>>> print(open('my_file_20.pdb').read())   # PDB, C-alpha atoms, pLDDT in the B column
ATOM      1  CA  LYS A   1      78.295  67.430 275.939  1.00 65.00           C
ATOM      2  CA  ALA A   2      74.515  67.281 275.840  1.00 79.00           C
ATOM      3  CA  GLY A   3      72.965  64.417 277.762  1.00 93.00           C
ATOM      4  CA  VAL A   4      70.502  61.829 276.564  1.00 97.00           C
ATOM      5  CA  THR A   5      67.284  63.429 275.402  1.00 97.00           C
ATOM      6  CA  GLN A   6      63.890  61.807 275.073  1.00 97.00           C
ATOM      7  CA  THR A   7      60.771  63.092 273.387  1.00 97.00           C
ATOM      8  CA  PRO A   8      58.049  63.528 274.199  1.00 97.00           C
ATOM      9  CA  ARG A   9      58.322  63.774 277.984  1.00 96.00           C
ATOM     10  CA  TYR A  10      54.655  63.024 278.580  1.00 97.00           C
ATOM     11  CA  LEU A  11      52.098  61.231 276.491  1.00 96.00           C
ATOM     12  CA  ILE A  12      48.487  60.187 276.911  1.00 98.00           C
ATOM     13  CA  LYS A  13      47.012  57.543 274.626  1.00 97.00           C
ATOM     14  CA  THR A  14      43.970  55.302 274.598  1.00 97.00           C
ATOM     15  CA  ARG A  15      43.830  51.535 274.435  1.00 97.00           C
ATOM     16  CA  GLY A  16      44.416  50.130 270.969  1.00 97.00           C
ATOM     17  CA  GLN A  17      46.432  53.082 269.739  1.00 98.00           C
ATOM     18  CA  GLN A  18      50.094  52.932 268.895  1.00 98.00           C
ATOM     19  CA  VAL A  19      52.892  55.186 270.078  1.00 98.00           C
ATOM     20  CA  THR A  20      56.426  56.067 269.016  1.00 98.00           C
ATOM     21  CA  LEU A  21      59.006  57.361 271.465  1.00 98.00           C
ATOM     22  CA  SER A  22      62.288  58.947 270.478  1.00 98.00           C
ATOM     23  CA  CYS A  23      65.727  58.931 272.061  1.00 98.00           C
ATOM     24  CA  SER A  24      68.838  60.903 271.113  1.00 98.00           C
ATOM     25  CA  PRO A  25      71.983  59.476 272.715  1.00 97.00           C
ATOM     26  CA  ILE A  26      75.029  61.351 273.897  1.00 97.00           C
ATOM     27  CA  SER A  27      77.158  62.367 270.936  1.00 96.00           C
ATOM     28  CA  GLY A  28      79.555  59.561 270.041  1.00 94.00           C
ATOM     29  CA  HIS A  29      77.608  56.853 271.849  1.00 95.00           C
ATOM     30  CA  ARG A  30      76.655  53.967 269.632  1.00 96.00           C
ATOM     31  CA  SER A  31      74.487  51.891 271.942  1.00 95.00           C
ATOM     32  CA  VAL A  32      70.939  52.727 272.978  1.00 97.00           C
ATOM     33  CA  SER A  33      68.984  50.648 275.466  1.00 96.00           C
ATOM     34  CA  TRP A  34      65.312  50.968 276.343  1.00 96.00           C
ATOM     35  CA  TYR A  35      63.713  50.173 279.680  1.00 95.00           C
ATOM     36  CA  GLN A  36      60.198  50.149 281.078  1.00 95.00           C
ATOM     37  CA  GLN A  37      59.794  51.280 284.663  1.00 94.00           C
ATOM     38  CA  THR A  38      56.648  50.688 286.703  1.00 92.00           C
ATOM     39  CA  PRO A  39      56.048  50.773 290.468  1.00 85.00           C
ATOM     40  CA  GLY A  40      55.165  47.092 290.522  1.00 81.00           C
ATOM     41  CA  GLN A  41      57.798  45.603 288.218  1.00 81.00           C
ATOM     42  CA  GLY A  42      60.667  48.020 288.649  1.00 85.00           C
ATOM     43  CA  LEU A  43      63.107  48.653 285.819  1.00 88.00           C
ATOM     44  CA  GLN A  44      62.738  46.091 283.062  1.00 91.00           C
ATOM     45  CA  PHE A  45      64.979  45.813 280.017  1.00 91.00           C
ATOM     46  CA  LEU A  46      63.243  46.044 276.641  1.00 94.00           C
ATOM     47  CA  PHE A  47      66.035  45.948 274.056  1.00 93.00           C
ATOM     48  CA  GLU A  48      69.416  47.312 273.107  1.00 94.00           C
ATOM     49  CA  TYR A  49      70.541  48.614 269.746  1.00 96.00           C
ATOM     50  CA  PHE A  50      74.120  49.012 268.608  1.00 95.00           C
ATOM     51  CA  SER A  51      75.132  50.186 265.145  1.00 94.00           C
ATOM     52  CA  GLU A  52      71.535  49.962 263.923  1.00 95.00           C
ATOM     53  CA  THR A  53      71.209  46.304 264.975  1.00 95.00           C
ATOM     54  CA  GLN A  54      69.240  44.894 267.880  1.00 94.00           C
ATOM     55  CA  ARG A  55      71.816  43.148 270.073  1.00 92.00           C
ATOM     56  CA  ASN A  56      69.808  42.189 273.144  1.00 88.00           C
ATOM     57  CA  LYS A  57      66.128  41.759 273.821  1.00 90.00           C
ATOM     58  CA  GLY A  58      64.135  41.482 277.012  1.00 89.00           C
ATOM     59  CA  ASN A  59      61.027  39.454 277.672  1.00 89.00           C
ATOM     60  CA  PHE A  60      58.370  41.702 276.160  1.00 94.00           C
ATOM     61  CA  PRO A  61      55.682  40.878 273.578  1.00 96.00           C
ATOM     62  CA  GLY A  62      56.149  41.646 269.914  1.00 96.00           C
ATOM     63  CA  ARG A  63      53.983  44.761 270.277  1.00 97.00           C
ATOM     64  CA  PHE A  64      57.144  46.425 271.532  1.00 98.00           C
ATOM     65  CA  SER A  65      59.650  47.151 268.788  1.00 97.00           C
ATOM     66  CA  GLY A  66      62.461  49.521 268.120  1.00 97.00           C
ATOM     67  CA  ARG A  67      64.980  50.699 265.632  1.00 97.00           C
ATOM     68  CA  GLN A  68      68.161  52.697 265.479  1.00 98.00           C
ATOM     69  CA  PHE A  69      69.244  55.090 262.785  1.00 97.00           C
ATOM     70  CA  SER A  70      72.675  55.685 261.314  1.00 96.00           C
ATOM     71  CA  ASN A  71      73.175  58.698 263.617  1.00 95.00           C
ATOM     72  CA  SER A  72      72.505  56.395 266.623  1.00 96.00           C
ATOM     73  CA  ARG A  73      69.167  58.016 267.408  1.00 98.00           C
ATOM     74  CA  SER A  74      66.606  55.412 268.346  1.00 98.00           C
ATOM     75  CA  GLU A  75      62.863  55.049 268.337  1.00 98.00           C
ATOM     76  CA  MET A  76      60.659  52.678 270.248  1.00 98.00           C
ATOM     77  CA  ASN A  77      57.188  51.726 269.074  1.00 98.00           C
ATOM     78  CA  VAL A  78      54.371  50.125 270.996  1.00 98.00           C
ATOM     79  CA  SER A  79      51.390  48.954 268.982  1.00 95.00           C
ATOM     80  CA  THR A  80      47.892  48.096 270.204  1.00 96.00           C
ATOM     81  CA  LEU A  81      48.400  49.800 273.544  1.00 98.00           C
ATOM     82  CA  GLU A  82      47.090  48.163 276.701  1.00 97.00           C
ATOM     83  CA  LEU A  83      46.360  49.742 280.078  1.00 97.00           C
ATOM     84  CA  GLY A  84      49.329  47.857 281.511  1.00 96.00           C
ATOM     85  CA  ASP A  85      51.682  49.663 279.154  1.00 97.00           C
ATOM     86  CA  SER A  86      51.355  52.800 281.283  1.00 97.00           C
ATOM     87  CA  ALA A  87      54.865  53.384 282.542  1.00 96.00           C
ATOM     88  CA  LEU A  88      57.969  55.509 282.445  1.00 96.00           C
ATOM     89  CA  TYR A  89      60.025  54.538 279.410  1.00 97.00           C
ATOM     90  CA  LEU A  90      63.703  55.202 279.864  1.00 97.00           C
ATOM     91  CA  CYS A  91      66.391  55.310 277.253  1.00 97.00           C
ATOM     92  CA  ALA A  92      70.074  54.950 278.072  1.00 96.00           C
ATOM     93  CA  SER A  93      73.136  55.358 275.897  1.00 96.00           C
ATOM     94  CA  SER A  94      76.675  54.043 276.143  1.00 94.00           C
ATOM     95  CA  TYR A  95      79.695  54.032 273.880  1.00 94.00           C
ATOM     96  CA  GLY A  96      79.761  50.236 273.589  1.00 91.00           C
ATOM     97  CA  LEU A  97      77.322  47.523 274.560  1.00 88.00           C
ATOM     98  CA  ALA A  98      75.913  48.300 277.996  1.00 86.00           C
ATOM     99  CA  GLY A  99      76.862  44.946 279.466  1.00 82.00           C
ATOM    100  CA  MET A 100      80.521  45.178 278.472  1.00 82.00           C
ATOM    101  CA  ARG A 101      83.068  45.538 281.242  1.00 78.00           C
ATOM    102  CA  GLY A 102      83.901  49.166 281.850  1.00 81.00           C
ATOM    103  CA  GLU A 103      80.872  50.549 280.025  1.00 86.00           C
ATOM    104  CA  THR A 104      78.663  53.118 281.701  1.00 88.00           C
ATOM    105  CA  GLN A 105      75.091  53.846 280.731  1.00 91.00           C
ATOM    106  CA  TYR A 106      73.710  57.370 280.827  1.00 94.00           C
ATOM    107  CA  PHE A 107      69.977  57.647 281.188  1.00 95.00           C
ATOM    108  CA  GLY A 108      67.587  60.167 279.746  1.00 96.00           C
ATOM    109  CA  PRO A 109      64.749  61.693 281.797  1.00 95.00           C
ATOM    110  CA  GLY A 110      62.208  59.275 280.355  1.00 96.00           C
ATOM    111  CA  THR A 111      58.863  59.486 278.624  1.00 97.00           C
ATOM    112  CA  ARG A 112      55.885  59.014 280.898  1.00 97.00           C
ATOM    113  CA  LEU A 113      53.141  57.199 278.998  1.00 97.00           C
ATOM    114  CA  LEU A 114      49.612  56.996 280.294  1.00 97.00           C
ATOM    115  CA  VAL A 115      47.200  54.652 278.543  1.00 98.00           C
ATOM    116  CA  LEU A 116      43.521  55.286 279.211  1.00 97.00           C
TER     117      LEU A 116
ATOM    118  CA  THR B   1      63.441  36.352 286.082  1.00 50.00           C
ATOM    119  CA  GLN B   2      64.669  38.841 288.668  1.00 52.00           C
ATOM    120  CA  LEU B   3      68.302  38.112 289.380  1.00 77.00           C
ATOM    121  CA  LEU B   4      68.892  40.919 291.847  1.00 90.00           C
ATOM    122  CA  GLU B   5      66.790  41.391 294.968  1.00 93.00           C
ATOM    123  CA  GLN B   6      67.131  44.593 296.949  1.00 95.00           C
ATOM    124  CA  SER B   7      66.135  45.114 300.551  1.00 96.00           C
ATOM    125  CA  PRO B   8      64.455  46.869 302.058  1.00 96.00           C
ATOM    126  CA  GLN B   9      62.004  47.849 299.355  1.00 94.00           C
ATOM    127  CA  PHE B  10      61.050  51.041 301.194  1.00 96.00           C
ATOM    128  CA  LEU B  11      62.953  52.940 303.862  1.00 97.00           C
ATOM    129  CA  SER B  12      61.922  56.100 305.691  1.00 97.00           C
ATOM    130  CA  ILE B  13      64.365  57.585 308.171  1.00 97.00           C
ATOM    131  CA  GLN B  14      65.097  60.816 310.011  1.00 97.00           C
ATOM    132  CA  GLU B  15      67.828  63.161 308.885  1.00 98.00           C
ATOM    133  CA  GLY B  16      71.126  62.247 310.512  1.00 97.00           C
ATOM    134  CA  GLU B  17      70.455  58.514 310.803  1.00 98.00           C
ATOM    135  CA  ASN B  18      72.548  55.822 309.163  1.00 98.00           C
ATOM    136  CA  LEU B  19      71.181  53.187 306.816  1.00 98.00           C
ATOM    137  CA  THR B  20      72.220  50.192 304.747  1.00 98.00           C
ATOM    138  CA  VAL B  21      70.647  48.920 301.553  1.00 98.00           C
ATOM    139  CA  TYR B  22      71.326  45.404 300.304  1.00 97.00           C
ATOM    140  CA  CYS B  23      71.492  43.917 296.843  1.00 97.00           C
ATOM    141  CA  ASN B  24      71.523  40.111 296.733  1.00 95.00           C
ATOM    142  CA  SER B  25      71.676  37.465 294.062  1.00 93.00           C
ATOM    143  CA  SER B  26      72.474  33.813 293.559  1.00 91.00           C
ATOM    144  CA  SER B  27      74.370  34.746 290.397  1.00 90.00           C
ATOM    145  CA  VAL B  28      77.952  35.906 290.095  1.00 90.00           C
ATOM    146  CA  PHE B  29      78.535  39.285 288.500  1.00 91.00           C
ATOM    147  CA  SER B  30      81.648  40.606 286.820  1.00 89.00           C
ATOM    148  CA  SER B  31      80.833  44.044 288.187  1.00 90.00           C
ATOM    149  CA  LEU B  32      78.062  45.783 290.034  1.00 93.00           C
ATOM    150  CA  GLN B  33      76.781  49.317 289.774  1.00 93.00           C
ATOM    151  CA  TRP B  34      74.652  51.512 292.015  1.00 96.00           C
ATOM    152  CA  TYR B  35      72.360  54.191 290.647  1.00 96.00           C
ATOM    153  CA  ARG B  36      70.169  56.848 292.255  1.00 97.00           C
ATOM    154  CA  GLN B  37      67.005  58.038 290.584  1.00 95.00           C
ATOM    155  CA  GLU B  38      65.180  61.185 291.624  1.00 93.00           C
ATOM    156  CA  PRO B  39      61.559  61.922 290.729  1.00 87.00           C
ATOM    157  CA  GLY B  40      61.107  62.947 287.124  1.00 85.00           C
ATOM    158  CA  GLU B  41      64.606  61.930 286.121  1.00 90.00           C
ATOM    159  CA  GLY B  42      66.462  58.890 284.880  1.00 93.00           C
ATOM    160  CA  PRO B  43      68.862  56.896 287.070  1.00 95.00           C
ATOM    161  CA  VAL B  44      72.315  58.385 287.595  1.00 94.00           C
ATOM    162  CA  LEU B  45      75.341  56.178 288.137  1.00 93.00           C
ATOM    163  CA  LEU B  46      76.913  56.526 291.589  1.00 96.00           C
ATOM    164  CA  VAL B  47      79.638  53.871 291.528  1.00 95.00           C
ATOM    165  CA  THR B  48      80.917  50.712 289.876  1.00 93.00           C
ATOM    166  CA  VAL B  49      82.608  47.953 291.896  1.00 94.00           C
ATOM    167  CA  VAL B  50      84.470  45.221 290.085  1.00 92.00           C
ATOM    168  CA  THR B  51      86.555  43.226 292.552  1.00 92.00           C
ATOM    169  CA  GLY B  52      85.189  40.828 295.186  1.00 94.00           C
ATOM    170  CA  GLY B  53      85.509  42.472 298.613  1.00 95.00           C
ATOM    171  CA  GLU B  54      86.023  45.901 297.095  1.00 95.00           C
ATOM    172  CA  VAL B  55      84.928  48.904 299.146  1.00 97.00           C
ATOM    173  CA  LYS B  56      84.416  52.331 297.602  1.00 97.00           C
ATOM    174  CA  LYS B  57      83.540  55.531 299.385  1.00 97.00           C
ATOM    175  CA  LEU B  58      81.765  58.503 297.885  1.00 95.00           C
ATOM    176  CA  LYS B  59      81.524  61.178 300.604  1.00 96.00           C
ATOM    177  CA  ARG B  60      78.939  59.767 303.052  1.00 97.00           C
ATOM    178  CA  LEU B  61      78.167  56.736 300.870  1.00 97.00           C
ATOM    179  CA  THR B  62      80.092  53.472 301.242  1.00 98.00           C
ATOM    180  CA  PHE B  63      79.681  50.697 298.684  1.00 97.00           C
ATOM    181  CA  GLN B  64      80.854  47.140 299.170  1.00 97.00           C
ATOM    182  CA  PHE B  65      80.998  44.246 296.725  1.00 96.00           C
ATOM    183  CA  GLY B  66      80.711  40.816 298.317  1.00 96.00           C
ATOM    184  CA  ASP B  67      83.714  38.503 298.295  1.00 95.00           C
ATOM    185  CA  ALA B  68      81.897  36.057 296.020  1.00 94.00           C
ATOM    186  CA  ARG B  69      80.670  38.870 293.766  1.00 93.00           C
ATOM    187  CA  LYS B  70      77.047  37.845 294.321  1.00 94.00           C
ATOM    188  CA  ASP B  71      75.932  40.681 296.564  1.00 95.00           C
ATOM    189  CA  SER B  72      76.561  44.294 297.426  1.00 97.00           C
ATOM    190  CA  SER B  73      75.622  46.851 300.036  1.00 97.00           C
ATOM    191  CA  LEU B  74      75.266  50.597 300.152  1.00 98.00           C
ATOM    192  CA  HIS B  75      75.721  52.333 303.499  1.00 98.00           C
ATOM    193  CA  ILE B  76      74.795  55.975 304.002  1.00 98.00           C
ATOM    194  CA  THR B  77      76.111  57.817 307.028  1.00 98.00           C
ATOM    195  CA  ALA B  78      74.198  60.769 308.493  1.00 98.00           C
ATOM    196  CA  ALA B  79      71.502  60.741 305.820  1.00 97.00           C
ATOM    197  CA  GLN B  80      70.315  64.059 304.451  1.00 97.00           C
ATOM    198  CA  PRO B  81      67.067  64.982 302.664  1.00 96.00           C
ATOM    199  CA  GLY B  82      69.060  65.262 299.436  1.00 95.00           C
ATOM    200  CA  ASP B  83      69.717  61.512 299.648  1.00 96.00           C
ATOM    201  CA  THR B  84      66.035  60.846 299.035  1.00 96.00           C
ATOM    202  CA  GLY B  85      65.444  58.806 295.917  1.00 96.00           C
ATOM    203  CA  LEU B  86      65.235  55.365 294.382  1.00 96.00           C
ATOM    204  CA  TYR B  87      68.454  53.381 294.702  1.00 97.00           C
ATOM    205  CA  LEU B  88      69.051  50.716 292.088  1.00 96.00           C
ATOM    206  CA  CYS B  89      71.787  48.149 291.864  1.00 96.00           C
ATOM    207  CA  ALA B  90      72.720  46.638 288.506  1.00 92.00           C
ATOM    208  CA  GLY B  91      74.928  43.668 287.850  1.00 90.00           C
ATOM    209  CA  LYS B  92      76.847  42.688 284.736  1.00 87.00           C
ATOM    210  CA  THR B  93      77.275  39.012 283.928  1.00 80.00           C
ATOM    211  CA  GLY B  94      80.065  37.270 282.096  1.00 69.00           C
ATOM    212  CA  ALA B  95      77.791  37.160 279.052  1.00 67.00           C
ATOM    213  CA  ASN B  96      77.839  40.958 278.988  1.00 66.00           C
ATOM    214  CA  ASN B  97      74.238  41.298 280.081  1.00 76.00           C
ATOM    215  CA  LEU B  98      73.116  43.969 282.517  1.00 80.00           C
ATOM    216  CA  PHE B  99      70.413  43.280 285.108  1.00 87.00           C
ATOM    217  CA  PHE B 100      68.779  45.816 287.397  1.00 90.00           C
ATOM    218  CA  GLY B 101      67.661  45.162 290.938  1.00 92.00           C
ATOM    219  CA  THR B 102      64.174  45.649 292.326  1.00 89.00           C
ATOM    220  CA  GLY B 103      65.054  49.023 293.865  1.00 94.00           C
ATOM    221  CA  THR B 104      64.980  50.626 297.311  1.00 96.00           C
ATOM    222  CA  ARG B 105      62.970  53.793 297.748  1.00 96.00           C
ATOM    223  CA  LEU B 106      64.574  55.962 300.420  1.00 97.00           C
ATOM    224  CA  THR B 107      62.902  58.923 302.088  1.00 97.00           C
ATOM    225  CA  VAL B 108      64.916  61.089 304.472  1.00 97.00           C
ATOM    226  CA  ILE B 109      62.709  63.221 306.663  1.00 97.00           C
ATOM    227  CA  PRO B 110      64.109  66.622 307.705  1.00 96.00           C
TER     228      PRO B 110
END
>>> encode(input="my_file_20.pdb", output="structure tokens")
Amino acid sequence: KAGVTQTPRYLIKTRGQQVTLSCSPISGHRSVSWYQQTPGQGLQFLFEYFSETQRNKGNFPGRFSGRQFSNSRSEMNVSTLELGDSALYLCASSYGLAGMRGETQYFGPGTRLLVL
Amino acid sequence: TQLLEQSPQFLSIQEGENLTVYCNSSSVFSSLQWYRQEPGEGPVLLVTVVTGGEVKKLKRLTFQFGDARKDSSLHITAAQPGDTGLYLCAGKTGANNLFFGTGTRLTVIP
């Protein structure tokens, strides 16, 4: 089985721009979670999608949004980029909701975003 | 709110030494997971512990879940350079939420 894939792997944007990141989960997985990882804040949960519906949301501003398609692929969008949005954005997939007992998340390699 | 605190934050040791990483919280978790993340990659699950007091061994790695299910430790025996990475604990609550710890960055010097 192919693992979780994320595109692009690296991205450079300037302040004020918007960006869309893509995640393809493991085949058969229905849940996709997004995380932001920075040296200072560690791994922070953004949101989780299951069957095209957002099921959980972290404490991030509305500039961060996402969606999930019928094939479980997911996209994350960040509008009006700020310097502080520079981070590694990780996507993880699981068969059921990530927080459910017995569920295991599988992470992709991440998209490294640099905002100048 | 950071529910899971890991210590130490950074650890640099010589090859062959032993080490212990701690993951502490005031919250009770239904299960706890440990991940290792290497540069340029996403975290990879090492183990899941679900029962208070549970001990699991994975070759030179020993994981323990606290009796009260609020804390966990990871002990590495005879560390090797291949153990270098960021170690993350993650706890699941009864509300089916998953929280990641602050991370411990381990460097094993050959």
>>> atom_distance(input="my_file_20.pdb", atom1="CA of Thr104 (chain B)", atom2="CA of Ser7 (chain B)")
6.5 Å
>>> residues_around(input="my_file_20.pdb", residues="Ser94 (chain A)", least_positions_apart="5", cutoff="10 Å", atoms="all atoms listed in the file", output="PyMOL selection string")
chain A and resi 4+25-33+50+99-100+103-107
>>> closest_residue(input="my_file_20.pdb", among="A:Cys23, A:Gly62, A:Gln68, A:Gln44", to="Leu3 (chain B)", atoms="all atoms listed in the file")
A:Gln44
>>> interface_residues(input="my_file_20.pdb", of="chain A", to="chain B", cutoff="10 Å", atoms="only C-alpha atoms", output="ChimeraX atom specification")
/A:4,9,39-45,56,59,88-92,97-112
>>> closest_residue(input="my_file_20.pdb", among="B:Ser12, B:Ser73, B:Asn24, B:Thr107", to="Gly85 (chain B)", atoms="all atoms listed in the file")
B:Thr107
>>> resolve_selection(input="my_file_20.pdb", expression="the PyMOL selection byres ((chain A and resi 71) around 9)", output="number ranges by chain")
A: 24, 30, 51-52, 68-70, 72-74
>>> write_last_selection(input="my_file_20.pdb", atoms="C-alpha atoms", output="PDB file, keeping the file's coordinate frame")
ATOM      1  CA  SER A  24      68.838  60.903 271.113  1.00 98.00           C
ATOM      2  CA  ARG A  30      76.655  53.967 269.632  1.00 96.00           C
ATOM      3  CA  SER A  51      75.132  50.186 265.145  1.00 94.00           C
ATOM      4  CA  GLU A  52      71.535  49.962 263.923  1.00 95.00           C
ATOM      5  CA  GLN A  68      68.161  52.697 265.479  1.00 98.00           C
ATOM      6  CA  PHE A  69      69.244  55.090 262.785  1.00 97.00           C
ATOM      7  CA  SER A  70      72.675  55.685 261.314  1.00 96.00           C
ATOM      8  CA  SER A  72      72.505  56.395 266.623  1.00 96.00           C
ATOM      9  CA  ARG A  73      69.167  58.016 267.408  1.00 98.00           C
ATOM     10  CA  SER A  74      66.606  55.412 268.346  1.00 98.00           C
TER      11      SER A  74
END
>>> residues_around(input="my_file_20.pdb", residues="Ala78 (chain B)", least_positions_apart="5", cutoff="12 Å", atoms="all atoms listed in the file", output="PyMOL selection string")
chain B and resi 13-20+59-62+83+108-110
>>> residues_around(input="my_file_20.pdb", residues="Thr20 (chain A)", least_positions_apart="3", cutoff="7 Å", atoms="all atoms listed in the file", output="VMD selection string")
chain A and resid 75 to 78
>>> closest_residue(input="my_file_20.pdb", among="B:Gly82, B:Gly53, B:Gly66, B:Pro8", to="Tyr22 (chain B)", atoms="only C-alpha atoms")
B:Pro8
>>> closest_residue(input="my_file_20.pdb", among="B:Ser27, B:Val21, B:Glu5, B:Gly52", to="Ala68 (chain B)", atoms="only C-alpha atoms")
B:Gly52
>>> closest_residue(input="my_file_20.pdb", among="A:Ala87, A:Ser22, A:Gln36, A:Thr80", to="Arg67 (chain A)", atoms="all atoms listed in the file")
A:Ser22
>>> build_atoms(input="my_file_20.pdb", residues="region 73-81 of chain A", atoms="all heavy atoms", output="PDB file, in the coordinates of the input")
ATOM      1  N   ARG A  73      70.474  57.715 266.818  1.00 98.00           N
ATOM      2  CA  ARG A  73      69.167  58.016 267.408  1.00 98.00           C
ATOM      3  C   ARG A  73      68.297  56.766 267.329  1.00 98.00           C
ATOM      4  O   ARG A  73      68.434  55.968 266.401  1.00 98.00           O
ATOM      5  CB  ARG A  73      68.503  59.181 266.682  1.00 98.00           C
ATOM      6  CG  ARG A  73      67.270  59.733 267.375  1.00 98.00           C
ATOM      7  CD  ARG A  73      66.736  60.948 266.610  1.00 98.00           C
ATOM      8  NE  ARG A  73      66.157  60.584 265.326  1.00 98.00           N
ATOM      9  CZ  ARG A  73      64.910  60.150 265.145  1.00 98.00           C
ATOM     10  NH1 ARG A  73      64.107  60.013 266.196  1.00 98.00           N
ATOM     11  NH2 ARG A  73      64.471  59.852 263.939  1.00 98.00           N
ATOM     12  N   SER A  74      67.421  56.623 268.305  1.00 98.00           N
ATOM     13  CA  SER A  74      66.606  55.412 268.346  1.00 98.00           C
ATOM     14  C   SER A  74      65.147  55.765 268.581  1.00 98.00           C
ATOM     15  O   SER A  74      64.823  56.795 269.182  1.00 98.00           O
ATOM     16  CB  SER A  74      67.111  54.488 269.458  1.00 98.00           C
ATOM     17  OG  SER A  74      66.300  53.334 269.578  1.00 98.00           O
ATOM     18  N   GLU A  75      64.298  54.928 268.083  1.00 98.00           N
ATOM     19  CA  GLU A  75      62.863  55.049 268.337  1.00 98.00           C
ATOM     20  C   GLU A  75      62.344  53.730 268.881  1.00 98.00           C
ATOM     21  O   GLU A  75      62.849  52.653 268.541  1.00 98.00           O
ATOM     22  CB  GLU A  75      62.110  55.388 267.046  1.00 98.00           C
ATOM     23  CG  GLU A  75      62.306  56.804 266.570  1.00 98.00           C
ATOM     24  CD  GLU A  75      61.490  57.113 265.324  1.00 98.00           C
ATOM     25  OE1 GLU A  75      60.965  56.171 264.698  1.00 98.00           O
ATOM     26  OE2 GLU A  75      61.401  58.296 264.961  1.00 98.00           O
ATOM     27  N   MET A  76      61.337  53.852 269.722  1.00 98.00           N
ATOM     28  CA  MET A  76      60.659  52.678 270.248  1.00 98.00           C
ATOM     29  C   MET A  76      59.183  52.804 269.912  1.00 98.00           C
ATOM     30  O   MET A  76      58.613  53.893 270.047  1.00 98.00           O
ATOM     31  CB  MET A  76      60.831  52.605 271.763  1.00 98.00           C
ATOM     32  CG  MET A  76      60.362  51.309 272.365  1.00 98.00           C
ATOM     33  SD  MET A  76      60.232  51.389 274.146  1.00 98.00           S
ATOM     34  CE  MET A  76      58.547  51.905 274.285  1.00 98.00           C
ATOM     35  N   ASN A  77      58.593  51.733 269.450  1.00 98.00           N
ATOM     36  CA  ASN A  77      57.188  51.726 269.074  1.00 98.00           C
ATOM     37  C   ASN A  77      56.426  50.690 269.882  1.00 98.00           C
ATOM     38  O   ASN A  77      56.918  49.578 270.083  1.00 98.00           O
ATOM     39  CB  ASN A  77      57.058  51.431 267.573  1.00 98.00           C
ATOM     40  CG  ASN A  77      55.629  51.538 267.089  1.00 98.00           C
ATOM     41  OD1 ASN A  77      54.872  50.589 267.202  1.00 98.00           O
ATOM     42  ND2 ASN A  77      55.268  52.686 266.577  1.00 98.00           N
ATOM     43  N   VAL A  78      55.261  51.080 270.336  1.00 98.00           N
ATOM     44  CA  VAL A  78      54.371  50.125 270.996  1.00 98.00           C
ATOM     45  C   VAL A  78      53.043  50.158 270.234  1.00 98.00           C
ATOM     46  O   VAL A  78      52.421  51.215 270.103  1.00 98.00           O
ATOM     47  CB  VAL A  78      54.119  50.464 272.466  1.00 98.00           C
ATOM     48  CG1 VAL A  78      53.331  49.353 273.142  1.00 98.00           C
ATOM     49  CG2 VAL A  78      55.435  50.712 273.200  1.00 98.00           C
ATOM     50  N   SER A  79      52.643  49.022 269.734  1.00 95.00           N
ATOM     51  CA  SER A  79      51.390  48.954 268.982  1.00 95.00           C
ATOM     52  C   SER A  79      50.292  48.380 269.877  1.00 95.00           C
ATOM     53  O   SER A  79      50.569  47.728 270.894  1.00 95.00           O
ATOM     54  CB  SER A  79      51.566  48.077 267.739  1.00 95.00           C
ATOM     55  OG  SER A  79      51.885  46.762 268.116  1.00 95.00           O
ATOM     56  N   THR A  80      49.059  48.625 269.497  1.00 96.00           N
ATOM     57  CA  THR A  80      47.892  48.096 270.204  1.00 96.00           C
ATOM     58  C   THR A  80      48.062  48.264 271.713  1.00 96.00           C
ATOM     59  O   THR A  80      48.146  47.296 272.487  1.00 96.00           O
ATOM     60  CB  THR A  80      47.662  46.607 269.866  1.00 96.00           C
ATOM     61  OG1 THR A  80      47.862  46.393 268.467  1.00 96.00           O
ATOM     62  CG2 THR A  80      46.241  46.210 270.206  1.00 96.00           C
ATOM     63  N   LEU A  81      48.127  49.490 272.143  1.00 98.00           N
ATOM     64  CA  LEU A  81      48.400  49.800 273.544  1.00 98.00           C
ATOM     65  C   LEU A  81      47.388  49.167 274.489  1.00 98.00           C
ATOM     66  O   LEU A  81      46.179  49.097 274.198  1.00 98.00           O
ATOM     67  CB  LEU A  81      48.410  51.308 273.750  1.00 98.00           C
ATOM     68  CG  LEU A  81      49.661  52.044 273.264  1.00 98.00           C
ATOM     69  CD1 LEU A  81      49.406  53.536 273.205  1.00 98.00           C
ATOM     70  CD2 LEU A  81      50.843  51.726 274.162  1.00 98.00           C
TER      71      LEU A  81
END
